[in-house]
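A.B. asks: File follows, work-v6.cif with mmCIF, C-alpha atoms:
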```
data_data
loop_
_atom_site.label_atom_id
_atom_site.label_comp_id
_atom_site.auth_asym_id
_atom_site.auth_seq_id
_atom_site.Cartn_x
_atom_site.Cartn_y
_atom_site.Cartn_z
CA MET A 104 -32.49 -6.10 -17.60
CA ILE A 105 -30.24 -9.08 -16.92
CA ASN A 106 -30.61 -10.35 -13.39
CA ARG A 107 -27.41 -11.28 -11.54
CA VAL A 108 -28.88 -12.02 -8.14
CA VAL A 109 -28.07 -15.18 -6.20
CA LYS A 110 -29.58 -16.09 -2.85
CA ASN A 111 -26.53 -15.98 -0.58
CA ALA A 112 -22.79 -16.59 -0.22
CA GLU A 113 -23.17 -20.39 -0.35
CA GLU A 114 -24.91 -20.19 -3.71
CA ALA A 115 -22.47 -17.58 -5.00
CA ILE A 116 -19.41 -19.75 -4.31
CA ARG A 117 -21.06 -23.08 -5.13
CA ASP A 118 -18.70 -23.98 -7.99
CA ILE A 119 -15.41 -22.83 -6.47
CA GLN A 120 -13.25 -25.94 -6.52
CA ASP A 121 -9.99 -27.10 -4.96
CA ASN A 122 -6.80 -25.55 -6.46
CA MET A 123 -8.55 -22.58 -8.04
CA THR A 124 -7.19 -19.02 -8.14
CA LEU A 125 -9.28 -16.37 -6.39
CA MET A 126 -8.96 -12.61 -6.23
CA VAL A 127 -10.22 -11.28 -2.94
CA GLY A 128 -10.95 -7.56 -2.54
CA GLY A 129 -10.11 -5.37 0.44
CA PHE A 130 -7.26 -3.45 2.02
CA GLY A 131 -6.40 -4.79 5.44
CA LEU A 132 -9.81 -5.67 6.89
CA CYS A 133 -11.48 -2.76 5.09
CA GLY A 134 -13.86 -3.69 2.29
CA ILE A 135 -13.35 -7.46 2.49
CA PRO A 136 -16.06 -9.93 1.37
CA GLU A 137 -16.78 -11.28 4.84
CA ASN A 138 -19.73 -13.48 3.84
CA CYS A 139 -17.92 -15.25 1.02
CA ILE A 140 -14.81 -15.86 3.14
CA ASN A 141 -16.97 -17.48 5.82
CA ALA A 142 -18.73 -19.57 3.17
CA LEU A 143 -15.37 -20.74 1.76
CA VAL A 144 -14.29 -21.84 5.24
CA LYS A 145 -17.54 -23.79 5.59
CA LYS A 146 -17.23 -25.36 2.13
CA GLY A 147 -13.68 -26.47 2.92
CA VAL A 148 -12.18 -26.05 -0.58
CA LYS A 149 -8.42 -26.51 -0.44
CA GLY A 150 -5.26 -25.66 -2.34
CA LEU A 151 -6.45 -22.15 -3.15
CA THR A 152 -4.26 -19.46 -4.65
CA CYS A 153 -5.41 -16.09 -3.31
CA ILE A 154 -4.55 -12.76 -4.89
CA SER A 155 -5.25 -10.18 -2.23
CA ASN A 156 -3.34 -7.16 -0.98
CA ASN A 157 -3.21 -8.53 2.56
CA ALA A 158 -3.87 -11.80 4.33
CA GLY A 159 -6.22 -10.64 7.08
CA VAL A 160 -5.40 -11.09 10.74
CA ASP A 161 -5.18 -14.39 12.62
CA ASP A 162 -8.90 -14.70 13.32
CA PHE A 163 -10.54 -12.55 10.65
CA GLY A 164 -10.59 -12.05 6.91
CA LEU A 165 -8.34 -14.36 4.89
CA GLY A 166 -6.67 -15.32 8.18
CA LEU A 167 -9.65 -17.66 8.66
CA LEU A 168 -8.76 -19.58 5.48
CA LEU A 169 -5.11 -19.71 6.58
CA GLN A 170 -6.03 -21.20 9.94
CA THR A 171 -7.84 -24.04 8.19
CA LYS A 172 -4.90 -24.40 5.75
CA GLN A 173 -7.15 -23.95 2.72
CA ILE A 174 -4.71 -21.57 1.04
CA ARG A 175 -1.72 -23.02 -0.81
CA LYS A 176 -0.37 -19.78 -2.19
CA MET A 177 -0.81 -16.08 -1.42
CA ILE A 178 0.00 -13.26 -3.82
CA SER A 179 0.05 -10.07 -1.74
CA SER A 180 1.94 -6.85 -1.13
CA TYR A 181 1.89 -6.71 2.66
CA VAL A 182 1.23 -9.46 5.16
CA GLY A 183 2.56 -7.92 8.35
CA GLU A 184 -0.38 -8.33 10.70
CA ASN A 185 -0.73 -12.07 10.67
CA ALA A 186 1.37 -14.33 12.91
CA GLU A 187 -0.06 -17.59 11.55
CA PHE A 188 0.74 -16.42 8.03
CA GLU A 189 4.34 -15.72 8.99
CA ARG A 190 4.64 -19.12 10.65
CA GLN A 191 3.27 -21.00 7.61
CA MET A 192 5.47 -18.99 5.26
CA LEU A 193 8.71 -19.49 7.20
CA SER A 194 7.99 -23.22 7.63
CA GLY A 195 7.35 -23.56 3.89
CA GLU A 196 3.74 -24.79 4.26
CA LEU A 197 2.49 -21.71 2.44
CA GLU A 198 3.86 -20.40 -0.83
CA VAL A 199 4.05 -16.63 -0.88
CA GLU A 200 4.67 -14.19 -3.70
CA LEU A 201 5.16 -10.65 -2.45
CA ILE A 202 4.70 -8.00 -5.12
CA PRO A 203 4.50 -4.20 -5.07
CA GLN A 204 1.05 -2.87 -4.24
CA GLY A 205 0.75 -0.77 -7.38
CA THR A 206 1.82 -3.74 -9.49
CA LEU A 207 -0.87 -5.86 -7.83
CA ALA A 208 -3.54 -3.24 -8.54
CA THR A 209 -2.43 -2.65 -12.11
CA ARG A 210 -2.16 -6.36 -12.98
CA CYS A 211 -5.82 -6.64 -11.96
CA LEU A 212 -6.67 -3.53 -13.97
CA ALA A 213 -4.88 -4.89 -17.02
CA ALA A 214 -6.97 -8.07 -16.86
CA GLY A 215 -10.18 -6.04 -16.76
CA TYR A 216 -9.04 -3.72 -19.53
CA GLY A 217 -8.04 -6.53 -21.88
CA MET A 218 -4.33 -5.80 -21.84
CA PRO A 219 -2.01 -8.80 -21.37
CA VAL A 220 0.96 -6.89 -19.92
CA ILE A 221 1.91 -3.63 -18.26
CA TYR A 222 5.27 -1.96 -17.77
CA THR A 223 6.04 -0.51 -14.37
CA PRO A 224 9.19 0.93 -12.79
CA ALA A 225 8.26 -0.62 -9.40
CA GLY A 226 10.82 -3.22 -8.39
CA VAL A 227 13.51 -2.39 -10.96
CA GLY A 228 16.90 -3.38 -9.53
CA THR A 229 15.32 -5.43 -6.70
CA GLU A 230 14.58 -9.13 -6.26
CA VAL A 231 11.10 -8.47 -7.70
CA ALA A 232 12.77 -7.97 -11.10
CA ILE A 233 14.41 -11.41 -11.18
CA GLY A 234 13.43 -13.28 -14.34
CA LYS A 235 11.39 -10.42 -15.75
CA GLU A 236 11.79 -8.61 -19.02
CA VAL A 237 13.24 -5.12 -18.53
CA ARG A 238 12.72 -2.41 -21.13
CA ARG A 239 13.86 1.18 -21.25
CA PHE A 240 11.28 3.85 -22.04
CA LYS A 241 11.15 7.60 -22.04
CA TYR A 242 8.28 8.94 -19.99
CA ASN A 243 7.64 12.39 -18.53
CA GLY A 244 10.96 13.61 -19.93
CA GLU A 245 12.93 10.90 -18.17
CA GLU A 246 14.44 7.69 -19.55
CA LYS A 247 14.38 4.72 -17.22
CA ASP A 248 13.89 0.98 -16.89
CA TYR A 249 10.51 -0.69 -16.61
CA LEU A 250 9.53 -4.26 -15.72
CA MET A 251 7.06 -6.18 -17.81
CA GLU A 252 4.29 -7.60 -15.63
CA HIS A 253 1.43 -9.84 -16.77
CA ALA A 254 -2.29 -9.34 -16.28
CA PHE A 255 -3.59 -11.69 -13.60
CA GLU A 256 -5.80 -14.60 -14.46
CA ALA A 257 -8.24 -15.64 -11.79
CA ASP A 258 -11.03 -18.22 -11.83
CA PHE A 259 -13.08 -16.07 -9.48
CA ALA A 260 -12.95 -12.53 -8.19
CA ILE A 261 -14.77 -11.95 -4.92
CA VAL A 262 -15.49 -8.35 -4.01
CA LYS A 263 -17.45 -6.36 -1.47
CA ALA A 264 -19.46 -3.24 -2.35
CA TRP A 265 -21.70 -0.91 -0.39
CA LYS A 266 -24.67 -0.93 -2.72
CA GLY A 267 -25.51 -3.03 -5.71
CA ASP A 268 -28.52 -3.49 -7.93
CA THR A 269 -29.98 -6.67 -9.35
CA ALA A 270 -28.14 -6.05 -12.65
CA GLY A 271 -24.81 -6.19 -10.80
CA ASN A 272 -23.97 -2.48 -10.88
CA LEU A 273 -21.88 -1.60 -7.83
CA ILE A 274 -21.09 1.41 -5.67
CA TYR A 275 -18.38 1.29 -3.02
CA ARG A 276 -18.13 3.40 0.11
CA SER A 277 -15.10 5.41 1.21
CA THR A 278 -11.76 3.59 1.37
CA ALA A 279 -13.57 0.24 1.35
CA ARG A 280 -13.33 0.76 -2.42
CA ASN A 281 -9.55 0.02 -2.63
CA PHE A 282 -8.88 -3.10 -4.75
CA ASN A 283 -12.53 -4.05 -5.23
CA PRO A 284 -13.26 -2.23 -8.53
CA MET A 285 -10.26 -3.59 -10.44
CA MET A 286 -10.66 -7.09 -9.05
CA ALA A 287 -14.34 -7.04 -9.99
CA MET A 288 -13.24 -6.38 -13.57
CA ALA A 289 -10.65 -9.14 -13.57
CA GLY A 290 -12.35 -12.39 -12.59
CA LYS A 291 -13.48 -15.00 -15.11
CA VAL A 292 -16.43 -15.12 -12.76
CA THR A 293 -17.00 -12.18 -10.42
CA ILE A 294 -19.00 -12.45 -7.23
CA ALA A 295 -20.06 -9.29 -5.43
CA GLU A 296 -21.49 -9.18 -1.96
CA VAL A 297 -23.16 -5.91 -1.04
CA GLU A 298 -24.47 -4.32 2.12
CA GLU A 299 -27.63 -3.23 0.38
CA LEU A 300 -29.14 -4.81 -2.72
CA VAL A 301 -31.64 -2.63 -4.57
CA GLU A 302 -33.85 -2.90 -7.65
CA VAL A 303 -32.61 -1.67 -11.03
CA GLY A 304 -33.31 2.01 -11.46
CA GLU A 305 -32.59 2.88 -7.85
CA LEU A 306 -28.88 3.64 -8.39
CA ASP A 307 -27.90 6.76 -10.31
CA PRO A 308 -26.04 5.55 -13.45
CA ASP A 309 -23.62 8.47 -13.03
CA GLN A 310 -22.57 7.17 -9.62
CA ILE A 311 -21.83 3.53 -10.59
CA HIS A 312 -18.21 2.49 -9.91
CA THR A 313 -18.40 -1.01 -11.42
CA PRO A 314 -20.82 -1.62 -14.30
CA GLY A 315 -22.81 -4.85 -14.02
CA ILE A 316 -21.23 -6.32 -17.16
CA TYR A 317 -18.26 -7.29 -14.96
CA VAL A 318 -20.38 -8.82 -12.19
CA HIS A 319 -21.78 -12.31 -12.66
CA ARG A 320 -23.35 -12.87 -9.25
CA VAL A 321 -24.53 -10.42 -6.64
CA PHE A 322 -26.15 -10.93 -3.24
CA GLN A 323 -26.91 -8.97 -0.13
CA GLY A 324 -24.52 -10.00 2.62
CA GLU A 325 -25.44 -10.18 6.28
CA LYS A 326 -24.00 -9.57 9.74
CA TYR A 327 -21.09 -7.39 8.62
CA GLU A 328 -18.59 -7.15 11.44
CA LYS A 329 -16.36 -4.55 9.71
CA ARG A 330 -13.58 -5.03 12.18
CA ILE A 331 -11.15 -2.12 12.64
CA GLU A 332 -7.46 -3.11 12.56
CA GLN A 333 -5.95 0.03 14.11
CA ARG A 334 -8.46 2.11 16.04
CA THR A 335 -6.82 5.52 16.26
CA VAL A 336 -8.75 8.44 17.76
CA ARG A 337 -8.28 11.88 19.27
CA LYS A 338 -9.89 13.15 22.43
CA LYS A 339 -12.45 15.91 22.15
CA ALA A 340 -10.99 19.16 23.46
CA MET B 78 20.43 15.13 18.81
CA LEU B 79 16.81 14.94 17.67
CA ASP B 80 14.03 12.67 18.85
CA LYS B 81 11.43 11.26 16.44
CA ASN B 82 9.32 14.39 16.67
CA GLY B 83 12.39 16.53 16.01
CA ILE B 84 13.11 14.60 12.82
CA ALA B 85 9.48 15.02 11.76
CA LYS B 86 9.62 18.73 12.56
CA ARG B 87 12.74 19.24 10.45
CA ILE B 88 11.24 17.32 7.52
CA ALA B 89 8.08 19.42 7.74
CA ARG B 90 10.23 22.36 6.59
CA GLU B 91 10.79 20.55 3.28
CA VAL B 92 7.07 20.54 2.60
CA LYS B 93 6.10 23.46 0.38
CA ASP B 94 2.81 25.15 -0.34
CA GLY B 95 0.75 23.38 -3.00
CA MET B 96 2.41 19.98 -2.67
CA TYR B 97 0.72 16.60 -2.78
CA VAL B 98 2.57 14.45 -0.26
CA ASN B 99 2.63 10.74 0.59
CA LEU B 100 3.72 9.97 4.14
CA GLY B 101 4.92 6.49 5.07
CA ILE B 102 4.35 4.68 8.35
CA GLY B 103 6.30 5.71 11.49
CA ILE B 104 8.19 9.01 11.75
CA PRO B 105 6.85 10.24 8.36
CA THR B 106 3.29 10.12 9.72
CA LEU B 107 4.34 12.59 12.45
CA VAL B 108 5.37 15.13 9.79
CA ALA B 109 1.68 16.02 9.32
CA ASN B 110 1.63 17.45 12.86
CA TYR B 111 4.32 20.04 12.08
CA ILE B 112 3.31 21.48 8.71
CA PRO B 113 3.25 25.23 9.34
CA ASP B 114 0.02 27.23 9.17
CA GLY B 115 -0.43 28.89 5.81
CA ILE B 116 1.23 26.02 3.94
CA ASN B 117 -1.49 24.19 2.03
CA VAL B 118 -0.62 20.59 1.30
CA VAL B 119 -2.74 17.60 0.39
CA LEU B 120 -1.87 14.28 1.98
CA GLN B 121 -2.19 11.21 -0.21
CA SER B 122 -2.80 7.80 1.31
CA GLU B 123 -2.14 5.05 -1.21
CA ASN B 124 -5.20 3.01 -0.28
CA GLY B 125 -7.19 5.74 -2.01
CA ILE B 126 -7.37 9.16 -0.32
CA LEU B 127 -6.35 12.67 -1.27
CA GLY B 128 -7.01 15.14 1.51
CA MET B 129 -6.55 12.87 4.49
CA GLY B 130 -7.36 14.51 7.82
CA PRO B 131 -6.46 13.74 11.45
CA PHE B 132 -7.66 10.78 13.51
CA PRO B 133 -11.40 10.86 14.24
CA PHE B 134 -12.80 11.88 17.61
CA GLU B 135 -13.55 8.98 19.91
CA GLY B 136 -16.82 7.34 18.88
CA GLU B 137 -16.69 8.76 15.36
CA GLU B 138 -14.43 6.07 13.83
CA ASP B 139 -15.61 4.66 10.52
CA ALA B 140 -14.43 1.14 9.65
CA ASP B 141 -14.67 2.05 5.97
CA LEU B 142 -12.31 5.01 6.31
CA ILE B 143 -8.70 4.08 7.03
CA ASN B 144 -5.25 5.16 5.85
CA ALA B 145 -2.50 3.03 4.35
CA GLY B 146 -1.35 2.13 7.87
CA LYS B 147 -4.88 0.73 8.48
CA GLN B 148 -5.55 3.46 11.06
CA THR B 149 -8.94 5.12 11.28
CA VAL B 150 -8.74 8.64 9.83
CA THR B 151 -10.99 11.47 8.66
CA LEU B 152 -11.40 13.39 5.42
CA LEU B 153 -10.82 17.11 5.03
CA LYS B 154 -13.02 19.41 2.95
CA GLY B 155 -12.15 18.98 -0.72
CA SER B 156 -10.88 15.42 -0.28
CA SER B 157 -11.44 12.66 -2.78
CA ILE B 158 -11.59 8.87 -2.72
CA PHE B 159 -10.40 6.58 -5.50
CA ASP B 160 -9.42 2.98 -6.08
CA SER B 161 -5.98 1.41 -5.67
CA ALA B 162 -5.20 1.37 -9.40
CA MET B 163 -5.81 5.10 -9.74
CA SER B 164 -3.88 5.73 -6.55
CA PHE B 165 -0.74 4.11 -7.95
CA GLY B 166 -1.51 5.65 -11.33
CA MET B 167 -1.12 9.14 -9.88
CA ILE B 168 2.05 7.99 -8.10
CA ARG B 169 3.61 6.55 -11.29
CA ALA B 170 2.55 9.60 -13.29
CA GLN B 171 4.49 11.73 -10.75
CA LYS B 172 1.48 13.80 -9.72
CA VAL B 173 2.43 13.18 -6.09
CA ASN B 174 5.24 15.68 -5.48
CA LEU B 175 6.93 14.35 -2.38
CA THR B 176 7.31 10.96 -0.75
CA ILE B 177 8.56 10.70 2.83
CA LEU B 178 9.33 7.24 4.12
CA GLY B 179 11.39 5.26 6.61
CA ALA B 180 14.33 3.01 5.80
CA MET B 181 16.51 0.29 7.30
CA GLU B 182 19.44 1.18 5.04
CA VAL B 183 20.31 3.83 2.44
CA SER B 184 23.36 3.60 0.18
CA GLU B 185 25.55 6.46 -1.01
CA GLN B 186 24.06 5.89 -4.50
CA GLY B 187 20.57 6.59 -3.15
CA ASP B 188 19.46 2.94 -3.02
CA ILE B 189 17.00 2.13 -0.25
CA ALA B 190 16.20 -1.06 1.68
CA ASN B 191 13.16 -1.05 3.93
CA TRP B 192 10.97 -4.08 3.39
CA LYS B 193 12.63 -7.34 4.28
CA ILE B 194 15.17 -8.94 6.60
CA PRO B 195 15.76 -12.41 5.10
CA GLY B 196 14.66 -15.20 7.44
CA LYS B 197 13.50 -12.70 10.05
CA MET B 198 11.07 -10.05 9.03
CA VAL B 199 8.80 -10.85 6.13
CA LYS B 200 6.03 -8.34 5.95
CA GLY B 201 6.17 -7.24 2.34
CA MET B 202 6.87 -4.04 0.48
CA GLY B 203 3.33 -2.71 0.36
CA GLY B 204 3.39 0.41 -1.79
CA ALA B 205 6.99 1.36 -1.04
CA MET B 206 8.52 -0.06 -4.24
CA ASP B 207 6.00 1.78 -6.40
CA LEU B 208 6.56 5.04 -4.52
CA VAL B 209 10.36 5.00 -4.64
CA ALA B 210 10.44 3.93 -8.29
CA SER B 211 8.32 6.86 -9.43
CA ALA B 212 8.55 9.79 -7.04
CA ARG B 213 10.88 12.59 -8.13
CA ASN B 214 11.47 13.81 -4.60
CA ILE B 215 12.07 11.22 -1.89
CA ILE B 216 13.06 12.08 1.65
CA VAL B 217 14.02 9.33 4.08
CA ALA B 218 13.32 9.75 7.79
CA MET B 219 15.33 7.37 9.92
CA GLN B 220 17.80 6.80 12.72
CA HIS B 221 21.42 7.25 11.66
CA VAL B 222 22.49 3.99 13.31
CA ASN B 223 20.58 0.79 14.09
CA LYS B 224 19.95 -0.73 17.51
CA ALA B 225 23.28 -2.55 17.34
CA GLY B 226 25.05 0.78 16.81
CA GLU B 227 25.82 0.12 13.13
CA SER B 228 25.50 2.83 10.52
CA LYS B 229 22.44 2.74 8.28
CA LEU B 230 24.11 5.05 5.74
CA LEU B 231 26.23 2.59 3.80
CA PRO B 232 28.47 2.35 0.72
CA LYS B 233 26.08 -0.38 -0.48
CA CYS B 234 22.83 -1.75 1.02
CA GLU B 235 23.17 -5.21 2.52
CA LEU B 236 19.44 -5.92 2.87
CA PRO B 237 17.16 -6.65 -0.10
CA LEU B 238 16.53 -3.42 -2.00
CA THR B 239 13.27 -1.54 -2.26
CA GLY B 240 14.52 0.74 -5.01
CA ILE B 241 17.68 2.01 -6.65
CA LYS B 242 19.13 5.50 -7.07
CA CYS B 243 16.02 7.17 -5.76
CA VAL B 244 16.60 8.78 -2.34
CA LYS B 245 17.25 12.51 -2.59
CA LYS B 246 17.54 13.55 1.05
CA ILE B 247 17.90 11.95 4.49
CA VAL B 248 16.97 13.42 7.85
CA THR B 249 18.24 11.57 10.92
CA GLU B 250 18.59 12.36 14.63
CA LEU B 251 22.10 13.65 13.80
CA ALA B 252 21.95 15.41 10.46
CA VAL B 253 20.37 16.41 7.19
CA LEU B 254 22.16 15.01 4.14
CA ASP B 255 21.46 14.86 0.46
CA ILE B 256 22.70 12.34 -2.05
CA LEU B 257 24.82 13.65 -4.87
CA PRO B 258 24.07 12.52 -8.46
CA GLN B 259 27.57 10.98 -8.70
CA GLY B 260 27.09 9.27 -5.31
CA GLY B 261 27.99 10.19 -1.73
CA PHE B 262 26.20 11.62 1.30
CA ARG B 263 26.67 15.39 1.41
CA LEU B 264 26.28 16.81 4.88
CA LEU B 265 23.95 19.81 4.82
CA GLU B 266 23.10 20.43 8.48
CA THR B 267 23.91 18.96 11.86
CA ALA B 268 21.33 18.55 14.63
CA PRO B 269 21.62 20.86 17.65
CA GLY B 270 24.50 19.72 19.85
CA VAL B 271 25.88 17.28 17.25
CA SER B 272 29.39 17.71 15.82
CA VAL B 273 30.52 16.96 12.26
CA GLU B 274 32.84 14.38 13.85
CA GLN B 275 29.84 12.54 15.34
CA VAL B 276 28.14 12.42 11.94
CA LYS B 277 31.36 11.12 10.36
CA ASN B 278 31.63 8.35 12.94
CA ALA B 279 28.02 7.31 12.38
CA THR B 280 28.24 7.26 8.57
CA ALA B 281 29.78 4.16 6.95
CA GLY B 282 29.26 5.40 3.39
CA LYS B 283 31.17 8.20 1.70
CA LEU B 284 30.48 11.44 3.58
CA ILE B 285 31.13 14.74 1.86
CA VAL B 286 31.71 17.77 4.09
CA GLU B 287 32.12 21.06 2.27
CA GLY B 288 32.94 24.20 4.24
CA THR B 289 31.21 25.08 7.47
CA ILE B 290 28.12 23.04 8.22
CA PRO B 291 25.24 25.01 9.71
CA GLU B 292 23.17 23.77 12.62
CA MET B 293 19.60 22.76 11.84
CA VAL B 294 16.87 25.26 12.45
CA ILE B 295 13.73 23.55 13.71
#
```
Would you kindly transcribe this structure into structure tokens?
C.D. replies:
Amino acid sequence: MINRVVKNAEEAIRDIQDNMTLMVGGFGLCGIPENCINALVKKGVKGLTCISNNAGVDDFGLGLLLQTKQIRKMISSYVGENAEFERQMLSGELEVELIPQGTLATRCLAAGYGMPVIYTPAGVGTEVAIGKEVRRFKYNGEEKDYLMEHAFEADFAIVKAWKGDTAGNLIYRSTARNFNPMMAMAGKVTIAEVEELVEVGELDPDQIHTPGIYVHRVFQGEKYEKRIEQRTVRKKA
Amino acid sequence: MLDKNGIAKRIAREVKDGMYVNLGIGIPTLVANYIPDGINVVLQSENGILGMGPFPFEGEEDADLINAGKQTVTLLKGSSIFDSAMSFGMIRAQKVNLTILGAMEVSEQGDIANWKIPGKMVKGMGGAMDLVASARNIIVAMQHVNKAGESKLLPKCELPLTGIKCVKKIVTELAVLDILPQGGFRLLETAPGVSVEQVKNATAGKLIVEGTIPEMVI
């Protein structure tokens, strides 16, 4: 079996260079590749374009790379929880492309499925549609307008999974799955950090979410903080 | 006049047995608290849940299990987890029957604006553009007027749009209205203690009042 294992985050990101485009998995702070983000801060690469649903919070997740001004451009759907992000965007230091969440997910999917474009109704008639090809299709008994959107191209995709084996097969846990599977499929080079790395044969092939063919490097991460953004609870009766 | 919970309670009556429902952040989230017993609905959260349950008990939070508002939640029996692409796939394919969301402005054509105030609030549209572009049934939960006292039901939206010709019904603290296919807000019900005159004064867009308007039952 092909072995995809690298030692740690530093080795996994060793050839990420200035001005590259990265996909970064996660939804809010859930399912983000904490180890790789920390390693990117340490490495100090600059001018990055990051495709990620959110931008972390001020002192965690992608917020760490914003603080150090390593990100030149963000492509996201929602960036509401990050004051430093808002400051950099309004001052023009940071370029921001806000796109619908489903469009973001499907542009990743298209890349991994080998399809150059998709058509989606999201954003028709809004500023998202400016400059895009609009076509009218009949679907589900209804005729309406669709926007043509391109598959993303990313130098690296960095994802976080729950379990992975040495061949790069991945299993995610709960809603930490989110954007990770389709980003894993979409990188020219895909790096997966996992909570638990096991030998081949230990994962049930029927349970694999991302087949190892999409994953070029895998390592077991450490010291996961798994910070909760909105801790909401009920009292026991 | 209704408070936020009153609006949520009234909207809960629009939720029918067997529906898959996506609830937005804010008042829509409260709707879950008022779905009557015996009505079986499945809540969809666009980060990848069908069958979302209530908040966890203290000490039982799971950082890997959150809803689209990034709040810790639980799963009900029979729930399922999926990735973001499938989540928006089922939304685009119109498998999700009802979308309830908030708005800053709604136009008499059914256009909605709820994601951006130029130069001021720049948070992003999240999944709202996908939801409003695909859902067949969209109910907006919002205040009839903004903090400055200006109507949010307009002839035309002034803020950047989230979607066009998509809103079917609006529930505010004053009234329930639907949007006619040819345009216009048709008044269906007034909130307890609210007159038709009050609704007229708070509605900048074209308001259609036909016959006697019943008071809301909540």
A.B. asks: For the contact check between chain B and chain A, emit one row per residue of chain B within 8 Å, containing the shortest atom pair and the distance in Å rounded to one decimal, counting all atoms listed in the file, chain then rising number order, as a Markdown table.
C.D. replies:
```
| residue | atom | partner | partner_atom | distance |
| --- | --- | --- | --- | --- |
| B:Asn124 | CA | A:Asn281 | CA | 5.8 |
| B:Gly125 | CA | A:Thr278 | CA | 6.1 |
| B:Ile126 | CA | A:Thr278 | CA | 7.3 |
| B:Phe132 | CA | A:Val336 | CA | 5.0 |
| B:Pro133 | CA | A:Val336 | CA | 5.0 |
| B:Phe134 | CA | A:Arg337 | CA | 4.8 |
| B:Glu135 | CA | A:Val336 | CA | 5.3 |
| B:Glu138 | CA | A:Val336 | CA | 7.3 |
| B:Ala140 | CA | A:Ile331 | CA | 5.5 |
| B:Asp141 | CA | A:Ala279 | CA | 5.1 |
| B:Leu142 | CA | A:Thr278 | CA | 5.2 |
| B:Ile143 | CA | A:Thr278 | CA | 6.5 |
| B:Lys147 | CA | A:Gln333 | CA | 5.8 |
| B:Gln148 | CA | A:Gln333 | CA | 4.6 |
| B:Thr149 | CA | A:Thr335 | CA | 5.4 |
| B:Val150 | CA | A:Thr335 | CA | 7.4 |
| B:Ile158 | CA | A:Ser277 | CA | 6.3 |
| B:Phe159 | CA | A:Arg280 | CA | 7.2 |
| B:Asp160 | CA | A:Asn281 | CA | 4.5 |
| B:Ser161 | CA | A:Asn281 | CA | 4.9 |
| B:Ala162 | CA | A:Ala208 | CA | 5.0 |
| B:Phe165 | CA | A:Gly205 | CA | 5.1 |
| B:Gly166 | CA | A:Gly205 | CA | 7.9 |
| B:Ala170 | CA | A:Asn243 | CA | 7.8 |
| B:Gly196 | CA | A:Leu193 | CA | 7.3 |
| B:Val199 | CA | A:Glu189 | CA | 7.2 |
| B:Lys200 | CA | A:Gly183 | CA | 4.2 |
| B:Gly201 | CA | A:Tyr181 | CA | 4.3 |
| B:Met202 | CA | A:Ser180 | CA | 5.9 |
| B:Gly203 | CA | A:Ser180 | CA | 4.6 |
| B:Gly204 | CA | A:Gln204 | CA | 4.7 |
| B:Ala205 | CA | A:Pro203 | CA | 7.3 |
| B:Met206 | CA | A:Ala225 | CA | 5.2 |
| B:Asp207 | CA | A:Ala225 | CA | 4.5 |
| B:Leu208 | CA | A:Ala225 | CA | 7.7 |
| B:Val209 | CA | A:Ala225 | CA | 7.7 |
| B:Ala210 | CA | A:Ala225 | CA | 5.2 |
| B:Ser211 | CA | A:Pro224 | CA | 6.9 |
| B:Pro237 | CA | A:Thr229 | CA | 7.0 |
| B:Leu238 | CA | A:Thr229 | CA | 5.3 |
| B:Thr239 | CA | A:Thr229 | CA | 6.2 |
| B:Gly240 | CA | A:Gly226 | CA | 6.4 |
| B:Ile241 | CA | A:Gly228 | CA | 6.2 |
```
A.B. asks: Rounded to one decimal place, report the CA of Ala214 in chain A-CA of Arg238 in chain A distance in Å.
C.D. replies: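 Separation of CA of Ala214 in chain A and CA of Arg238 in chain A: 20.9 Å.
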A.B. asks: When you draw a straight line from CA of Pro219 in chain A to CA of Ala254 in chain A, how long is it in Å?
C.D. replies: 5.1 Å
A.B. asks: Please identify all polymer residues within 9 Å of range 272-277 of chain B, counting all atoms listed in the file, omitting same-chain residues fewer than 3 positions from it, and present them as JSON, numbers by chain.
C.D. replies: {"B": [221, 251, 252, 264, 267, 268, 269, 280, 281, 284, 286, 290]}
A.B. asks: Suppose we keep C-alpha atoms; can you now write the selection as a short mmCIF file (atom, residue, chain, number, x, y, z; two decimals), keeping the file's coordinate frame?
C.D. replies:
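In the end it all went to part-v3.cif:
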```cif
data_model
loop_
_atom_site.label_atom_id
_atom_site.label_comp_id
_atom_site.auth_asym_id
_atom_site.auth_seq_id
_atom_site.Cartn_x
_atom_site.Cartn_y
_atom_site.Cartn_z
CA HIS B 221 21.42 7.25 11.66
CA LEU B 251 22.10 13.65 13.80
CA ALA B 252 21.95 15.41 10.46
CA LEU B 264 26.28 16.81 4.88
CA THR B 267 23.91 18.96 11.86
CA ALA B 268 21.33 18.55 14.63
CA PRO B 269 21.62 20.86 17.65
CA THR B 280 28.24 7.26 8.57
CA ALA B 281 29.78 4.16 6.95
CA LEU B 284 30.48 11.44 3.58
CA VAL B 286 31.71 17.77 4.09
CA ILE B 290 28.12 23.04 8.22
#
```
A.B. asks: Which residues fall under the PyMOL selection byres ((chain B and resi 187) around 7) in this file, as JSON, numbers by chain?
C.D. replies: {"B": [183, 184, 185, 186, 188, 189, 241, 242, 243, 244, 245, 256]}
A.B. asks: From the set A:Ile274, A:Leu197, A:Ala264, A:Met218, which residue has the shortest atom-to-atom contact distance to Glu137 in chain A, counting only C-alpha atoms?
C.D. replies: A:Ala264
A.B. asks: As an exercise, work out the distance from CA of Phe163 in chain A to CA of Tyr327 in chain A in Å and give it to one decimal place.
C.D. replies: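 One can read the CA of Phe163 in chain A to CA of Tyr327 in chain A distance as 11.9 Å.
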